[in-house]
Amino acid sequence: MMNHKLPCELIRDLFPSYIDGLTSDVTNGLVEEHVSECDSCREILEAMKEPSVLQGTGSMEEQGEIDFLKKTRKKTRKMILGMAIASVLIIAAVLIGKIYFIGSFIYGENMICQAEVDGKHLSLSGAAADAGLGISSIEYEEKDGVVTIYFKAVNKSPFHKREFQAEYEASQEITQVQLDSRIIWSQGEQISALTSAVYNSRHPYVGDMPANGRTVIALNLVSRLGNFKNQLQTSKEPYGWTMTLENEIAGSQRAEKEKLMKSYAYVILAVTDNLGEISFEYTVDGTMHTLTVNTEEASAFAGQDIKACSEDAASLQELLRKAGLV
């Protein structure tokens, strides 16, 4: 009797998985080494691969073992197939549930929303900006009188409509309502998207150029005045910021552009805490000019301390409105 490394019974139990390619390289090596030395196991393995090899030959015991191993192989295949189908169905169910019932959070900028506030009571109405979406749920978060709203949306269906209406009762008097980071209501005022973006760009130091850039982007300044080069004065007060416009201004447009520069200056001074003055350098018909606005002039225009104009979104919107920017 040949002395095999592993018992025949153990090797034969591995045959169904081995034939279907489900065993590891190490297991494959053990099976192949065994059958190269064991005639009986090799014949059984060949019979399982090719049913006709031992048809009608071999002992009843061997034939019975082959039949058993074949059945085991079939059961293994059915089990693997069943698991695969079940996995596909579970994944499909999760995706369908997420797409049509649960939904995903959508940014506030993708919502059209009207807020009405009466003390602690909030009434919402509006719709998803995308006509193909339906609102699946609304979540609320409260902190210090600020109510933040989060929307989840799914593909529009008979169960979920694009339009929505909702009511919410806060635990304290509401001072501000926002869709994630976008402010839509503050101190009795509906807040525009531009006001919200500028308000969220407030920062303490004019020396922080990336923060300055966020304010410029929020104001859409480049689209109306063109590209410019920056120069900061942060060594002593009043701290200053000079923008040198790259595009020459036609004489016929000078008054309009200077008025726009002043409007931007008022708002930038309001949202940059330590900024004392802002200047624009520009060329008109070949001649260089400078327009400077300081905090005193800006406060006189606003009718109050210019820095107080950014204490809340409603006050900032009033300044933007007065400056003709909203």
# chains A, B, ... in the order shown; residues from 1 in each chain; ligands from 1
call {"tool": "closest_atom_pairs", "arguments": {"of": "region 209-266 of chain A", "to": "region 184-196 of chain A", "cutoff": "10 Å", "atoms": "only C-alpha atoms", "output": "JSON lines"}}
result
{"residue": "A:Ala218", "atom": "CA", "partner": "A:Leu194", "partner_atom": "CA", "distance": 6.6}
{"residue": "A:Leu219", "atom": "CA", "partner": "A:Leu194", "partner_atom": "CA", "distance": 7.1}
{"residue": "A:Asn220", "atom": "CA", "partner": "A:Leu194", "partner_atom": "CA", "distance": 9.0}
call {"tool": "closest_residue", "arguments": {"among": "A:Gly324, A:Gly134, A:Gly29, A:Gly145", "to": "Lys262 (chain A)", "atoms": "only C-alpha atoms"}}
result
A:Gly324
call {"tool": "residues_around", "arguments": {"residues": "Gly240 (chain A)", "least_positions_apart": "2", "cutoff": "10 Å", "atoms": "only C-alpha atoms", "output": "PyMOL selection string"}}
result
chain A and resi 206-207+231-238+242+269+274-279+292-294
call {"tool": "residues_around", "arguments": {"residues": "region 245-261 of chain A", "least_positions_apart": "6", "cutoff": "10 Å", "atoms": "only C-alpha atoms", "output": "number ranges by chain"}}
result
A: 221-222, 224-230, 278-288, 290-293, 323-325
call {"tool": "atom_distance", "arguments": {"atom1": "CA of Glu109 (chain A)", "atom2": "CA of Asp273 (chain A)"}}
result
27.0 Å
call {"tool": "select_by_dssp", "arguments": {"residues": "region 139-285 of chain A", "states": "alpha helix (DSSP H)", "output": "VMD selection string"}}
result
chain A and resid 193 to 199 209 to 219 221 to 225 254 to 271
call {"tool": "atom_distance", "arguments": {"atom1": "CA of Val26 (chain A)", "atom2": "CA of Glu46 (chain A)"}}
result
20.5 Å
call {"tool": "atom_distance", "arguments": {"atom1": "CA of Val147 (chain A)", "atom2": "CA of Gly108 (chain A)"}}
result
13.4 Å
call {"tool": "residues_around", "arguments": {"residues": "Ser104 (chain A)", "least_positions_apart": "5", "cutoff": "7 Å", "atoms": "only C-alpha atoms", "output": "MDAnalysis selection string"}}
result
chainID A and resid 152:154
call {"tool": "select_by_dssp", "arguments": {"residues": "region 61-251 of chain A", "states": "strand (DSSP E)", "output": "PyMOL selection string"}}
result
chain A and resi 104-106+111-118+121-128+133-143+146-155+163-169+176-179+182-186+189-190+228-233+239-245
